[in-house]
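Data first, discussion second: the structure below is written as structure tokens.
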Amino acid sequence: MALWVACLASFRGGRSTSVMAAAFTSGRQPSKTRAPFLNTLIRQKNSLSSVMKSTATSSIATDLEKSLHVVHPSYDVIQKDVVEEYGAYCTIYRHKKSGAELMSVATDDDNKVFGITFRTPPSDSTGVPHILEHSVLCGSRKYKTKDPFVQLLQGSLQTFLNAFTYPDRTCYVVASQNTKDFYNLVNVYTDAVFHPRAITDPMVHAQEGWHLELENKDDPLTYKGVVYNEMKGVYSSSDSLLGRESMRSMFPDTTYGVDSGGDPAVIPELSFDQFVDFHTKFYHPANSRIYFSGDDDVLKRLEIMDEYLQDFEPSPESKPKSVVDWQKKTFKEPKKEIHTYPAAAADGDDATHMVTINWLMNDRPFTSTEELTSNLLDHLLLGTSSSILRKTLMESGLGTAITGGGMSDELLQATFSIGLKGVQPSKVEEVEQLVSDTLEKIANEGFSDDAIAATMNTIEFQMREFNTGSFPKGLSFMLGSMSKWIYDESPTDALKFEEPLAELKSKIATSGSQVFQDMIRELLLTNTHRTIIEMKPSKTMEEEQTKDEEDRLKSIKSNMSDEQLDQIIQKTSELKTIQATDDSPEARATIPSLQLSDLKREVTEYPIDVTADENNSGVTVIRHELGSTSGIAYVSLLVDLSMIPLEDVAILQLMTRMLTQTGTSQYDPVALAQRIGTYTGGVGASILTAPVNRDGVDDGIITDCNTMVTKLIIQGKATSDRIDELFALFQAILTDANLDSQSRVIEMLKESKAGMESSIQGSGHSYALQRMRARYTAAGYIDEKMGGISKMETVKNLLDLAENDWPTLLGKLQRIRSTILEHPAARNGMILDMTGDNKVLSTIQPSVEKLLQDLPGEKNDEKLQDFYSEDHPWVTQAHMEMEANAPLMDEGFIVPTQVSYVGKGGRIFDKGDTITGSASVVERFLRTGYLWDHVRVIGGAYGGMCMLAQGSGFFGFVSYRDPNLAKTLDVYDAAGDALMKAAEELENDPEALATAIIGAVGDMDGSLSPDQKGWSAFTGWLTRQSPESRQKRRDEVLNTKPSDFKDFAQRLKNMKKPSIAVVSSKGSFEAAAKEGKTLTLKEVV
């Protein structure tokens, strides 16, 4: 049951749930008798089970059942279970000698997953579990390089390779579709966690955690360290600060009250001895949970792990030492706290407050049914823009965007947090009262039958579909199971949903909304273990933090003797020498690797069948018939946008939100959202802008990038028996969306503004890259106009227009819709793309034929321009705007932050040049080698990246949460020479070359869900990338030579018209200017 959330989770674990025990009863009678509609719908949900489950489980192989009987003399079998919902055959073993528990999941999934998780509750905010997570992957007993993690990134076919720190546990996870590669990854990770170099070499703790840095006695002392700088970036985000204070306030007595990631002000208090002690205490196998899933041999799994586990003696005290304590509900009344967040000086008097109300929901376990009920309640309250609590808060005008996000239950205890940002100081208490009043109203009146039915279908569809995209399903399984296993409960219970779902349906059929009303009253309204966190803006906070750090370091330095200063200088030099020294051939030889002969040479192609002007409709229909899609049809309807002027492009993203959130003439916004939830697996709208290969020009040849396609996409999914409802919704939102929704548009624009401000602070690297690309091609300019830094000004202007001249904005919206739907050639630009299995596609065909007849636009012979041979209309307009709006200059964008996002780029290929597949090998080599070493390891940034735009020849560098600015630009400038040197070394190192090639092939061969397979085939067709060109590119990757590296290096050294874009603080820009890096500055947040 936890899986419906875990399958959508990011590598942080998202909101995977934990199952809890004790019924909620209030003794209250149902508020009303169930409507026949809801009872009928609940019964119909069982048909959803039969439609989606039959195809998903019928192919389970008999040998999966045999996996339950695999034994090994070193292990006891402590549990066998079959998770019927997903065809997963699970066996839990306990290693006899070490006490380690191992869960072996046998499935027919070739994307094999291994994970090892330790319960690691910290007692302070030094970030020791986070620093240790980074550090254990920096070399081990068997694998001698400084950073085996990077070697695996460089030369593996991994589909997932990462580690992540929760507030109470640390997870190490790998995945691969190649069995040999998978076991290589398993071995490296296992040796790393049990026998890391980090616990004997203080330099690892210094590099990954923190250290004092000093090169000359006259220089100021500084703090450096990868985690230290990562967390400075986190603590620069107002959203992160709000979340941290909320968590701390709810858990005053347990581990959840401290920050496992580390508080930058506290991280320097962590000593090396404490660091080692933490590993000794928590990284014994007896405190681990080891996980395997996929189609590999179960006995092999046990044998591999036994080789490592045999090294350890029993440690019966390990588990008791790591137990996570329950936070009791001790507050007699709610508590309120006020804290500050960094705000830009440019905000003037307009800087607003943030407020979140937080509840500790439980201090004893829930039952499985209660856990599922709480998840449905969360969705009912906040799951869509029309959910009652979200809708009420946004329509109140008290703030600009939702904070808190609702229920979080990936830990031992669940919490619920909700509030607003963008709140005027005088309105803070009104937000608190509105939340309370709204919950009280719901507790008294309940939810509508339609709302419950929509939520029930939405959640059940997600659980049954189990669509994790490119995220390994086995990893989602692991995250779901860990929500119980880490707390010493059965891991498989967290994966099952049929019984609690049936029980909840029965309760709803009997008492309707009452089960949710009782839960609101029990867990929220009468729950006094509640905190209110108010965050007020501080225009001096950033400067104060900088000064506090400088004063702290000055004090440390002033109290040091000359001998101590010499030691710091020596340690700084030693660390830099170690970081800059290449691993020896002997050390590199310890890292297991694949051979080029292990790679698949043929590109994987997915089915596609194209019918132009199907049934004389004028519409192109594309089908992707796969082996099984579990009874689901994945459908996209594309409408051409080329006929609207470029000046209206900035409004398109607003319009796509309106299509699904403002209702239609038949359905108000709430009814529309409920209909989508009740009858489909989701419907959404988005914009596609894609450069396409120009006719007559071979793939890989650099062009002017003036040929492109631009489409409005309406996407949705539904079981085949619900396809008519899906198509009716497509029609409604495309042709009948209520555009005259001033108040909702104002809400959307305020929300967009708040979201962009937060995003620029936290993801400045992506904005810097977009800004650089906008200077070189019209396509790049258009993308930046729609989603880059310049969009911030557009959003502000649109908000002003919506508030003060609504008729003008409404006219623009209406004109866009009428233009794209009533143009004589509208149908010529429409595409219907569908993915399904044979049964699905056959079943929905009559509905497809009806849709083609009913779509807007005339059936005629009118044609749009040929986008594959003629410049797109937007391109011509973009060229006229670029000089004024995206000049070729070095720019700095000022935001409140303690870190920098540093970008530099330019053209390295000219029009007419050829980019071969080898360029992707070199690009990746730079990213995982030179940039990793010099931007991350030596420079202390959390990340350093680069990208090559295949169509335009633009190449860009960016850094992430970087303590440097000027120094990072110097690293970029030296990249060409470094790559040239590496190219010369590769001439005598075929193994290193093979490693680079293998890693690039791994990037090409990710695991895809059914809908992704169909979309991959479609986008290849749309952009005119033929199977032959894809195979040619793969061959070029496989045949990469050292000379390709030399050519790329020379191009880097000769980069044409380079320019810079940096997102950072005013202080960092001032310091960079003193070092000769002067940029044109603009305050954006």
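Every chain in the structure tokens takes a letter, A first, then B, and so on in the order presented; its residues are numbered from 1, and the ligands are numbered from 1 following the presented order.
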Residue contacts of Thr200 in chain A (12 Å, only C-alpha atoms) excluding same-chain residues fewer than 6 positions away, as number ranges by chain: A: 135-136, 138-141, 272-273, 275-277, 279-280
Prev. selection, N, CA and C atoms, output as a compact mmCIF listing (two decimals), in the first residue's frame:
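Here's the written file again-v4.txt:
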# COMPACT_ATOMS: atom_id res chain seq x y z
N SER A 135 30.99 9.66 2.13
CA SER A 135 32.37 9.24 2.35
C SER A 135 32.63 7.77 2.11
N VAL A 136 31.65 6.91 2.43
CA VAL A 136 31.93 5.48 2.31
C VAL A 136 32.16 5.07 0.86
N CYS A 138 34.10 6.53 -1.15
CA CYS A 138 35.41 7.05 -1.56
C CYS A 138 36.51 6.04 -1.29
N GLY A 139 36.36 4.83 -1.81
CA GLY A 139 37.39 3.81 -1.68
C GLY A 139 37.12 2.86 -0.53
N SER A 140 37.59 1.62 -0.69
CA SER A 140 37.32 0.60 0.33
C SER A 140 38.44 -0.44 0.34
N ARG A 141 38.23 -1.46 1.15
CA ARG A 141 39.25 -2.50 1.34
C ARG A 141 39.65 -3.16 0.02
N PHE A 272 36.65 13.91 13.48
CA PHE A 272 36.90 12.66 12.76
C PHE A 272 36.59 11.46 13.65
N ASP A 273 36.92 11.54 14.92
CA ASP A 273 36.65 10.42 15.84
C ASP A 273 35.14 10.18 15.95
N PHE A 275 32.96 10.85 13.72
CA PHE A 275 32.61 10.32 12.40
C PHE A 275 32.85 8.82 12.35
N VAL A 276 34.01 8.38 12.81
CA VAL A 276 34.35 6.95 12.83
C VAL A 276 33.44 6.19 13.79
N ASP A 277 33.19 6.78 14.96
CA ASP A 277 32.34 6.12 15.94
C ASP A 277 30.95 5.87 15.40
N HIS A 279 30.10 5.31 12.29
CA HIS A 279 30.14 4.14 11.39
C HIS A 279 30.22 2.86 12.20
N THR A 280 31.04 2.83 13.22
CA THR A 280 31.18 1.64 14.05
C THR A 280 29.86 1.26 14.71
Shell of 12 Å around range 420-432 of chain A, only C-alpha atoms, local chain residues under 5 positions omitted, as a PyMOL selection string: chain A and resi 238-239+242+334+336+338+341+343+347+349-358+389-406+437-439+530-537+747+750-755+757-758
Residues within 7 Å of Gly951 in chain A, only C-alpha atoms, excluding chain neighbours under 4 positions, as an NGL selection string: :A and (702-703 or 705)
Secondary structure check, alpha helix (DSSP H) residues of range 157-391 of chain A, as a PyMOL selection string: chain A and resi 179-194+202-208+226-234+238-250+272-282+298-309+318-321+368-382+388-391
Which of range 381-570 of chain A fall in strand (DSSP E), as JSON, numbers by chain: {"A": [401, 402, 403, 404, 405, 406, 407, 408, 415, 416, 417, 418, 419, 420, 421, 422, 423, 530, 531, 532, 533, 534, 535, 536, 537, 538]}
Near-Leu360 in chain A list (12 Å; only C-alpha atoms; drop same-chain fewer than 4 positions) as a PyMOL selection string: chain A and resi 246-252+256+326-331+334+364+406-409+411-417+522-532
Polymer residues at most 12 Å from Ala685 in chain A, only C-alpha atoms, same-chain spacing of 2 or more positions, as a PyMOL selection string: chain A and resi 635-639+652-661+682-683+687-688+711-716+729-730+733-734+737
N, CA, C and O atoms of the current selection, written as a compact mmCIF listing (two decimals), in the first residue's frame:
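Saved to result-v3.txt:
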# COMPACT_ATOMS: atom_id res chain seq x y z
N VAL A 635 -2.62 8.06 -24.23
CA VAL A 635 -3.02 8.82 -25.41
C VAL A 635 -2.52 10.26 -25.31
O VAL A 635 -2.60 10.88 -24.24
N SER A 636 -2.03 10.78 -26.44
CA SER A 636 -1.64 12.19 -26.54
C SER A 636 -2.27 12.78 -27.78
O SER A 636 -2.20 12.20 -28.86
N LEU A 637 -2.90 13.93 -27.62
CA LEU A 637 -3.44 14.68 -28.74
C LEU A 637 -2.62 15.95 -28.87
O LEU A 637 -2.51 16.74 -27.93
N LEU A 638 -2.04 16.15 -30.06
CA LEU A 638 -1.17 17.30 -30.29
C LEU A 638 -1.83 18.25 -31.28
O LEU A 638 -2.35 17.82 -32.32
N VAL A 639 -1.80 19.52 -30.96
CA VAL A 639 -2.38 20.57 -31.79
C VAL A 639 -1.30 21.58 -32.11
O VAL A 639 -0.55 22.02 -31.21
N LEU A 652 1.34 30.85 -23.11
CA LEU A 652 0.93 29.47 -23.39
C LEU A 652 0.92 28.59 -22.14
O LEU A 652 0.00 27.78 -21.95
N GLN A 653 1.94 28.72 -21.30
CA GLN A 653 1.99 27.86 -20.12
C GLN A 653 0.87 28.19 -19.13
O GLN A 653 0.35 27.31 -18.45
N LEU A 654 0.50 29.47 -19.06
CA LEU A 654 -0.66 29.83 -18.26
C LEU A 654 -1.91 29.17 -18.83
O LEU A 654 -2.72 28.60 -18.09
N MET A 655 -2.03 29.19 -20.13
CA MET A 655 -3.21 28.63 -20.77
C MET A 655 -3.28 27.12 -20.56
O MET A 655 -4.37 26.56 -20.33
N THR A 656 -2.16 26.42 -20.61
CA THR A 656 -2.19 24.97 -20.41
C THR A 656 -2.68 24.63 -19.00
O THR A 656 -3.39 23.64 -18.81
N ARG A 657 -2.33 25.43 -18.00
CA ARG A 657 -2.84 25.19 -16.65
C ARG A 657 -4.34 25.43 -16.60
O ARG A 657 -5.08 24.69 -15.96
N MET A 658 -4.78 26.45 -17.30
CA MET A 658 -6.20 26.79 -17.28
C MET A 658 -7.05 25.68 -17.90
O MET A 658 -8.18 25.44 -17.48
N LEU A 659 -6.51 25.00 -18.89
CA LEU A 659 -7.29 23.98 -19.58
C LEU A 659 -7.85 22.93 -18.63
O LEU A 659 -8.96 22.43 -18.82
N THR A 660 -7.08 22.58 -17.61
CA THR A 660 -7.52 21.52 -16.69
C THR A 660 -7.95 22.04 -15.33
O THR A 660 -8.40 21.27 -14.49
N GLN A 661 -7.84 23.36 -15.08
CA GLN A 661 -8.08 23.86 -13.73
C GLN A 661 -9.16 24.94 -13.62
O GLN A 661 -9.44 25.40 -12.52
N GLY A 682 -5.50 10.17 -15.15
CA GLY A 682 -4.92 11.52 -15.16
C GLY A 682 -4.98 12.14 -16.53
O GLY A 682 -4.86 11.45 -17.55
N VAL A 683 -5.20 13.44 -16.58
CA VAL A 683 -5.20 14.22 -17.82
C VAL A 683 -4.41 15.49 -17.56
O VAL A 683 -4.57 16.13 -16.52
N ILE A 687 3.27 22.07 -23.28
CA ILE A 687 3.75 22.63 -24.54
C ILE A 687 5.01 21.87 -24.98
O ILE A 687 5.90 21.61 -24.17
N LEU A 688 5.07 21.53 -26.25
CA LEU A 688 6.25 20.88 -26.83
C LEU A 688 6.86 21.82 -27.87
O LEU A 688 6.19 22.25 -28.81
N LYS A 711 3.89 22.34 -30.45
CA LYS A 711 2.59 21.70 -30.27
C LYS A 711 2.05 21.91 -28.86
O LYS A 711 2.80 21.92 -27.88
N LEU A 712 0.74 22.06 -28.78
CA LEU A 712 0.01 21.91 -27.53
C LEU A 712 -0.29 20.43 -27.38
O LEU A 712 -0.80 19.80 -28.31
N ILE A 713 0.04 19.87 -26.22
CA ILE A 713 -0.19 18.44 -25.99
C ILE A 713 -1.22 18.26 -24.88
O ILE A 713 -1.08 18.82 -23.79
N ILE A 714 -2.23 17.47 -25.16
CA ILE A 714 -3.15 17.01 -24.12
C ILE A 714 -2.91 15.52 -23.96
O ILE A 714 -3.06 14.75 -24.91
N GLN A 715 -2.47 15.13 -22.78
CA GLN A 715 -2.12 13.73 -22.53
C GLN A 715 -3.02 13.15 -21.45
O GLN A 715 -3.44 13.84 -20.52
N GLY A 716 -3.30 11.87 -21.58
CA GLY A 716 -4.10 11.20 -20.58
C GLY A 716 -3.95 9.70 -20.67
O GLY A 716 -3.39 9.17 -21.64
N LEU A 729 -13.21 14.17 -22.22
CA LEU A 729 -12.46 15.16 -21.45
C LEU A 729 -11.47 15.90 -22.34
O LEU A 729 -11.28 17.12 -22.20
N PHE A 730 -10.81 15.18 -23.26
CA PHE A 730 -9.92 15.83 -24.22
C PHE A 730 -10.68 16.93 -24.97
O PHE A 730 -10.21 18.07 -25.09
N ILE A 733 -11.73 20.05 -22.56
CA ILE A 733 -10.71 21.00 -22.14
C ILE A 733 -10.07 21.70 -23.32
O ILE A 733 -9.60 22.84 -23.20
N LEU A 734 -10.06 21.05 -24.48
CA LEU A 734 -9.48 21.69 -25.66
C LEU A 734 -10.39 22.79 -26.21
O LEU A 734 -9.91 23.86 -26.59
N ALA A 737 -12.74 24.96 -22.37
CA ALA A 737 -12.21 25.40 -21.08
C ALA A 737 -12.63 26.84 -20.80
O ALA A 737 -12.65 27.68 -21.70
Selected residue, from A:Leu299, A:Val745, A:Leu1052, A:Leu381, that lies nearest to Ser74 in chain A when counting only C-alpha atoms: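 For Ser74 in chain A, the nearest of the candidates is A:Leu299.
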From A:Tyr487, A:Tyr972, A:Tyr767, A:Tyr172, residue lying nearest Gly115 in chain A [only C-alpha atoms]: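 So, comparing all the options, the nearest one is A:Tyr172.
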Straight-line distance linking CA of Gly762 in chain A with CA of Arg961 in chain A, stated in Å to one decimal: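 One can read the CA of Gly762 in chain A to CA of Arg961 in chain A distance as 8.4 Å.
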Selected residue of minimal separation from Ala1017 in chain A among A:Gln853, A:Ser628, A:Thr794, A:Thr604, counting only C-alpha atoms: A:Thr604
Contacts of Ala580 in chain A at 8 Å (only C-alpha atoms; same-chain gap of 3+ positions) as a list in words: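 These residues fall inside the cut-off: Lys576, Thr577, Asp933 and Ile938 of chain A.
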Selected residue of minimal separation from Thr1023 in chain A among A:Phe957, A:Phe447, A:Phe516, A:Phe867, counting only C-alpha atoms: A:Phe867
Separation of CA of Val1085 in chain A from CA of Val226 in chain A, in Å and rounded to one decimal: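 Spanning CA of Val1085 in chain A to CA of Val226 in chain A is a straight-line distance of 25.7 Å.
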Option closest in space to Leu739 in chain A, from A:Thr916, A:Gln514, A:Ser763, A:Thr664 [counting only C-alpha atoms]: A:Thr664
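Picture a line from CA of Gly225 in chain A to CA of Leu979 in chain A; it runs 25.6 Å.
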Contact residues around Gly1076 in chain A with only C-alpha atoms at 12 Å, ignoring same-chain residues under 6 positions, as a ChimeraX atom specification: /A:965-967,969-970,1069-1070
